Structure formats: C-alpha cells, structure tokens
>>> print(open('target-v7.cif').read())   # mmCIF, C-alpha atoms and all ligand atoms
data_query
#
loop_
_atom_site.group_PDB
_atom_site.id
_atom_site.type_symbol
_atom_site.label_atom_id
_atom_site.label_comp_id
_atom_site.auth_asym_id
_atom_site.auth_seq_id
_atom_site.Cartn_x
_atom_site.Cartn_y
_atom_site.Cartn_z
ATOM 1 C CA MET A 1 22.008 42.267 -17.464
ATOM 2 C CA ALA A 2 21.100 39.741 -20.163
ATOM 3 C CA ASP A 3 22.311 36.964 -17.930
ATOM 4 C CA ARG A 4 20.160 38.206 -15.077
ATOM 5 C CA ARG A 5 17.049 38.364 -17.302
ATOM 6 C CA ARG A 6 17.666 34.801 -18.526
ATOM 7 C CA ARG A 7 17.984 33.645 -14.907
ATOM 8 C CA THR A 8 14.654 35.319 -13.959
ATOM 9 C CA GLY A 9 12.941 33.730 -16.992
ATOM 10 C CA PHE A 10 14.245 30.320 -16.021
ATOM 11 C CA VAL A 11 12.921 30.674 -12.458
ATOM 12 C CA LEU A 12 9.493 31.619 -13.840
ATOM 13 C CA VAL A 13 9.412 28.526 -16.107
ATOM 14 C CA GLU A 14 10.460 26.345 -13.174
ATOM 15 C CA LEU A 15 7.747 27.837 -10.996
ATOM 16 C CA LEU A 16 5.057 27.328 -13.655
ATOM 17 C CA LEU A 17 6.232 23.736 -14.157
ATOM 18 C CA VAL A 18 5.981 23.025 -10.425
ATOM 19 C CA VAL A 19 2.496 24.580 -10.263
ATOM 20 C CA ALA A 20 1.412 22.537 -13.295
ATOM 21 C CA ILE A 21 2.722 19.295 -11.748
ATOM 22 C CA ILE A 22 0.983 20.032 -8.436
ATOM 23 C CA ALA A 23 -2.278 20.779 -10.278
ATOM 24 C CA LEU A 24 -1.952 17.498 -12.200
ATOM 25 C CA LEU A 25 -1.318 15.539 -8.993
ATOM 26 C CA LEU A 26 -4.278 17.170 -7.232
ATOM 27 C CA ALA A 27 -6.520 16.436 -10.230
ATOM 28 C CA GLY A 28 -5.539 12.773 -9.993
ATOM 29 C CA TYR A 29 -5.866 12.727 -6.222
ATOM 30 C CA TYR A 30 -9.365 14.158 -6.190
ATOM 31 C CA GLY A 31 -10.504 12.122 -9.182
ATOM 32 C CA LEU A 32 -11.073 15.101 -11.466
ATOM 33 C CA SER A 33 -10.099 13.160 -14.559
ATOM 34 C CA ASN A 34 -12.253 13.327 -17.681
ATOM 35 C CA ARG A 35 -12.978 9.610 -17.527
ATOM 36 C CA PRO A 36 -16.749 9.249 -18.025
ATOM 37 C CA ALA A 37 -18.389 7.629 -15.024
ATOM 38 C CA ALA A 38 -20.970 4.916 -15.582
ATOM 39 C CA SER A 39 -24.464 5.994 -14.605
ATOM 40 C CA ASN A 40 -24.636 3.596 -11.632
ATOM 41 C CA GLU A 41 -21.026 4.212 -10.559
ATOM 42 C CA VAL A 42 -20.438 6.474 -7.570
ATOM 43 C CA LYS A 43 -17.554 8.728 -8.527
ATOM 44 C CA GLN A 44 -14.812 8.404 -5.932
ATOM 45 C CA SER A 45 -11.284 9.738 -5.715
ATOM 46 C CA VAL A 46 -8.339 7.393 -6.196
ATOM 47 C CA PRO A 47 -7.502 7.173 -2.443
ATOM 48 C CA ALA A 48 -11.166 6.643 -1.542
ATOM 49 C CA ARG A 49 -11.380 3.768 -4.038
ATOM 50 C CA SER A 50 -8.144 2.296 -2.665
ATOM 51 C CA ILE A 51 -9.442 2.446 0.914
ATOM 52 C CA GLN A 52 -12.745 0.890 -0.193
ATOM 53 C CA LYS A 53 -10.856 -1.914 -1.971
ATOM 54 C CA ALA A 54 -8.663 -2.528 1.078
ATOM 55 C CA LYS A 55 -11.742 -2.790 3.316
ATOM 56 C CA SER A 56 -13.320 -5.256 0.878
ATOM 57 C CA VAL A 57 -10.169 -7.387 1.108
ATOM 58 C CA GLU A 58 -10.392 -7.155 4.924
ATOM 59 C CA CYS A 59 -14.044 -8.267 4.727
ATOM 60 C CA ALA A 60 -13.096 -11.305 2.591
ATOM 61 C CA ASN A 61 -10.321 -12.107 5.093
ATOM 62 C CA ASN A 62 -12.783 -11.888 8.027
ATOM 63 C CA LEU A 63 -15.179 -14.241 6.252
ATOM 64 C CA ASN A 64 -12.352 -16.716 5.540
ATOM 65 C CA GLN A 65 -11.350 -16.733 9.213
ATOM 66 C CA LEU A 66 -14.952 -17.291 10.329
ATOM 67 C CA ARG A 67 -15.330 -20.102 7.758
ATOM 68 C CA GLN A 68 -12.209 -21.716 9.192
ATOM 69 C CA LEU A 69 -13.728 -21.446 12.682
ATOM 70 C CA ILE A 70 -16.874 -23.158 11.386
ATOM 71 C CA GLN A 71 -14.758 -25.869 9.687
ATOM 72 C CA ILE A 72 -12.886 -26.535 12.958
ATOM 73 C CA GLU A 73 -16.269 -26.932 14.689
ATOM 74 C CA VAL A 74 -17.410 -29.343 11.936
ATOM 75 C CA ILE A 75 -14.211 -31.403 12.310
ATOM 76 C CA GLU A 76 -14.560 -31.516 16.113
ATOM 77 C CA THR A 77 -18.305 -32.171 16.416
ATOM 78 C CA GLY A 78 -19.329 -33.410 12.971
ATOM 79 C CA GLU A 79 -21.981 -30.729 12.534
ATOM 80 C CA TYR A 80 -22.311 -27.023 11.878
ATOM 81 C CA PRO A 81 -22.297 -24.847 14.999
ATOM 82 C CA GLN A 82 -25.904 -24.104 15.971
ATOM 83 C CA GLN A 83 -25.250 -21.210 18.348
ATOM 84 C CA PHE A 84 -22.774 -19.303 16.198
ATOM 85 C CA ASN A 85 -23.164 -15.515 16.364
ATOM 86 C CA PRO A 86 -20.633 -13.778 14.058
ATOM 87 C CA GLY A 87 -21.301 -10.410 15.742
ATOM 88 C CA SER A 88 -19.904 -11.803 19.002
ATOM 89 C CA GLN A 89 -16.544 -12.651 17.382
ATOM 90 C CA GLY A 90 -15.174 -9.142 17.936
ATOM 91 C CA GLY A 91 -13.670 -7.181 15.039
ATOM 92 C CA ILE A 92 -13.798 -10.046 12.541
ATOM 93 C CA GLY A 93 -17.533 -10.567 13.065
ATOM 94 C CA THR A 94 -18.598 -7.422 11.260
ATOM 95 C CA CYS A 95 -18.034 -6.015 7.787
ATOM 96 C CA PRO A 96 -15.356 -3.263 7.911
ATOM 97 C CA VAL A 97 -17.232 -1.310 5.204
ATOM 98 C CA SER A 98 -20.782 -1.230 6.608
ATOM 99 C CA GLY A 99 -20.158 -2.303 10.219
ATOM 100 C CA LYS A 100 -23.007 -4.831 9.926
ATOM 101 C CA PRO A 101 -22.513 -8.271 11.508
ATOM 102 C CA TYR A 102 -22.185 -11.196 9.100
ATOM 103 C CA GLN A 103 -25.140 -13.496 8.560
ATOM 104 C CA TYR A 104 -24.882 -17.181 9.427
ATOM 105 C CA ASP A 105 -27.139 -20.057 8.460
ATOM 106 C CA PRO A 106 -26.753 -22.978 10.929
ATOM 107 C CA LYS A 107 -28.510 -25.372 8.513
ATOM 108 C CA THR A 108 -25.957 -24.974 5.706
ATOM 109 C CA GLY A 109 -22.996 -23.571 7.685
ATOM 110 C CA ARG A 110 -22.869 -20.695 5.231
ATOM 111 C CA ILE A 111 -21.649 -17.301 6.378
ATOM 112 C CA TRP A 112 -21.943 -14.155 4.254
ATOM 113 C CA CYS A 113 -21.765 -10.383 4.191
ATOM 114 C CA THR A 114 -24.893 -8.298 3.541
ATOM 115 C CA THR A 115 -23.016 -5.215 2.345
ATOM 116 C CA PRO A 116 -23.865 -4.468 -1.319
ATOM 117 C CA GLY A 117 -21.029 -5.723 -3.521
ATOM 118 C CA HIS A 118 -19.808 -8.211 -0.899
ATOM 119 C CA GLU A 119 -22.287 -10.984 -1.744
ATOM 120 C CA ASN A 120 -19.636 -13.140 -3.433
ATOM 121 C CA LEU A 121 -16.799 -12.677 -0.946
HETATM 122 ZN ZN ZN B 201 -18.444 -6.913 3.793
#
>>> encode(input="target-v7.cif", output="structure tokens", more="lines below")
Ligand SMILES: [Zn+2]
Amino acid sequence: MADRRRRTGFVLVELLLVVAIIALLLAGYYGLSNRPAASNEVKQSVPARSIQKAKSVECANNLNQLRQLIQIEVIETGEYPQQFNPGSQGGIGTCPVSGKPYQYDPKTGRIWCTTPGHENL
C-alpha cells in the first residue's frame, strides 16, 4: 500500500513538473516575460521577432543583389542605369517586410528601402 501511494505521489510531481515546463515554454514563446518594454518598442513574441529579423536580412540581401546589378551596368556602360525600376525585378525588387518597391536614384546610383528601420541596409 505504501509503495502504491509513493508511486501515485511521484506521478503527480512528474505531471506538475511537465505542466510547469510547458507553461514556461509558452510564456517564452508568446513573449510574456517580465522584461520591461521601451516606450517606443512594439512588444513582439520571440518567433515574431525572429521572423522580422530574417526578413530584414532578406531585404539587405535583395538590396545587395540590386547594387551588384547596378555595378555591372556601370562597368558595362560607364554610367548608372537611367531606366532602372527595382519593382520590375521580381521578388528582389520589393522589401519582404513592407512589400514596397525599393527606391532608386539614377543620378547617384543609390538604391534604398523605405521601410522604417531599413534606411541603413
Ligand atoms: Zn526593407
């Protein structure tokens, strides 16, 4: 009998431990930590922040590819492309975060993203 009671108690502790671990994981997943958020910071969950970061990296990669295209044009013709429309370059012509096409200045050959936070990519 005593052995049976000890076994039941152990199962209960195990169960509570599993529930506690799941609760802890969910709290982390949904960003319910007690970390104080800055006033201008939009509070996002850990996966949402990771996805946002990955899309920012994709945006920087798109801009690098377009800059290489522009450089190839400069090497071939000696001047910046005048009729360059980033939005017509398919998937790499738009920011993956906002979906807005990149801006291009034919005078300086500069190409940039207008999405807030992507100004320096
Ligand atoms: Zn962007």
>>> resolve_selection(input="target-v7.cif", expression="the PyMOL selection byres (((chain A and resi 99-104) around 10) and not hetatm)", output="ChimeraX atom specification")
/A:59,62-63,66,81-98,105-115
>>> atom_distance(input="target-v7.cif", atom1="CA of Tyr29 (chain A)", atom2="CA of Ser50 (chain A)")
11.3 Å
>>> atom_distance(input="target-v7.cif", atom1="CA of Pro47 (chain A)", atom2="CA of Leu25 (chain A)")
12.3 Å
>>> closest_residue(input="target-v7.cif", among="A:Gln44, A:Leu69, A:Gln52, A:Thr77", to="ligand ZN 201 (chain B)", atoms="only C-alpha atoms and all ligand atoms")
A:Gln52
>>> closest_residue(input="target-v7.cif", among="A:Ile21, A:Ala54, A:Val74, A:Val46", to="ligand ZN 201 (chain B)", atoms="only C-alpha atoms and all ligand atoms")
A:Ala54
>>> build_atoms(input="target-v7.cif", residues="region 68-96 of chain A", atoms="N, CA and C atoms", output="compact mmCIF listing (two decimals), in the frame of the given file")
# COMPACT_ATOMS: atom_id res chain seq x y z
N GLN A 68 -13.15 -20.77 8.60
CA GLN A 68 -12.21 -21.72 9.19
C GLN A 68 -12.66 -22.11 10.59
N LEU A 69 -13.18 -21.14 11.35
CA LEU A 69 -13.73 -21.45 12.68
C LEU A 69 -14.85 -22.47 12.57
N ILE A 70 -15.74 -22.25 11.60
CA ILE A 70 -16.87 -23.16 11.39
C ILE A 70 -16.35 -24.55 10.99
N GLN A 71 -15.32 -24.59 10.11
CA GLN A 71 -14.76 -25.87 9.69
C GLN A 71 -14.15 -26.62 10.86
N ILE A 72 -13.47 -25.90 11.77
CA ILE A 72 -12.89 -26.54 12.96
C ILE A 72 -14.01 -27.16 13.79
N GLU A 73 -15.12 -26.42 13.93
CA GLU A 73 -16.27 -26.93 14.69
C GLU A 73 -16.83 -28.20 14.02
N VAL A 74 -16.89 -28.18 12.68
CA VAL A 74 -17.41 -29.34 11.94
C VAL A 74 -16.49 -30.54 12.14
N ILE A 75 -15.17 -30.31 12.11
CA ILE A 75 -14.21 -31.40 12.31
C ILE A 75 -14.34 -31.96 13.72
N GLU A 76 -14.51 -31.07 14.72
CA GLU A 76 -14.56 -31.52 16.11
C GLU A 76 -15.88 -32.19 16.48
N THR A 77 -17.00 -31.65 15.98
CA THR A 77 -18.30 -32.17 16.42
C THR A 77 -19.07 -32.91 15.32
N GLY A 78 -18.64 -32.74 14.07
CA GLY A 78 -19.33 -33.41 12.97
C GLY A 78 -20.56 -32.67 12.48
N GLU A 79 -20.84 -31.51 13.03
CA GLU A 79 -21.98 -30.73 12.53
C GLU A 79 -21.69 -29.23 12.61
N TYR A 80 -22.51 -28.47 11.88
CA TYR A 80 -22.31 -27.02 11.88
C TYR A 80 -22.68 -26.46 13.25
N PRO A 81 -21.94 -25.44 13.70
CA PRO A 81 -22.30 -24.85 15.00
C PRO A 81 -23.71 -24.26 14.95
N GLN A 82 -24.52 -24.58 15.95
CA GLN A 82 -25.90 -24.10 15.97
C GLN A 82 -26.04 -22.75 16.66
N GLN A 83 -25.15 -22.45 17.58
CA GLN A 83 -25.25 -21.21 18.35
C GLN A 83 -24.16 -20.24 17.94
N PHE A 84 -23.87 -20.15 16.65
CA PHE A 84 -22.77 -19.30 16.20
C PHE A 84 -23.28 -17.91 15.87
N ASN A 85 -22.76 -16.91 16.59
CA ASN A 85 -23.16 -15.52 16.36
C ASN A 85 -21.94 -14.73 15.89
N PRO A 86 -21.83 -14.47 14.57
CA PRO A 86 -20.63 -13.78 14.06
C PRO A 86 -20.38 -12.43 14.73
N GLY A 87 -21.45 -11.73 15.12
CA GLY A 87 -21.30 -10.41 15.74
C GLY A 87 -20.59 -10.47 17.08
N SER A 88 -20.56 -11.66 17.70
CA SER A 88 -19.90 -11.80 19.00
C SER A 88 -18.43 -12.18 18.86
N GLN A 89 -17.94 -12.25 17.62
CA GLN A 89 -16.54 -12.65 17.38
C GLN A 89 -15.59 -11.47 17.39
N GLY A 90 -16.04 -10.33 17.89
CA GLY A 90 -15.17 -9.14 17.94
C GLY A 90 -15.06 -8.50 16.57
N GLY A 91 -13.89 -7.94 16.28
CA GLY A 91 -13.67 -7.18 15.04
C GLY A 91 -13.91 -7.96 13.77
N ILE A 92 -13.65 -9.29 13.78
CA ILE A 92 -13.80 -10.05 12.54
C ILE A 92 -15.24 -10.46 12.29
N GLY A 93 -16.15 -10.16 13.23
CA GLY A 93 -17.53 -10.57 13.06
C GLY A 93 -18.40 -9.59 12.31
N THR A 94 -17.83 -8.43 11.97
CA THR A 94 -18.60 -7.42 11.26
C THR A 94 -17.85 -6.96 10.01
N CYS A 95 -18.63 -6.52 9.03
CA CYS A 95 -18.03 -6.02 7.79
C CYS A 95 -17.33 -4.68 8.07
N PRO A 96 -16.06 -4.53 7.67
CA PRO A 96 -15.36 -3.26 7.91
C PRO A 96 -15.90 -2.10 7.09
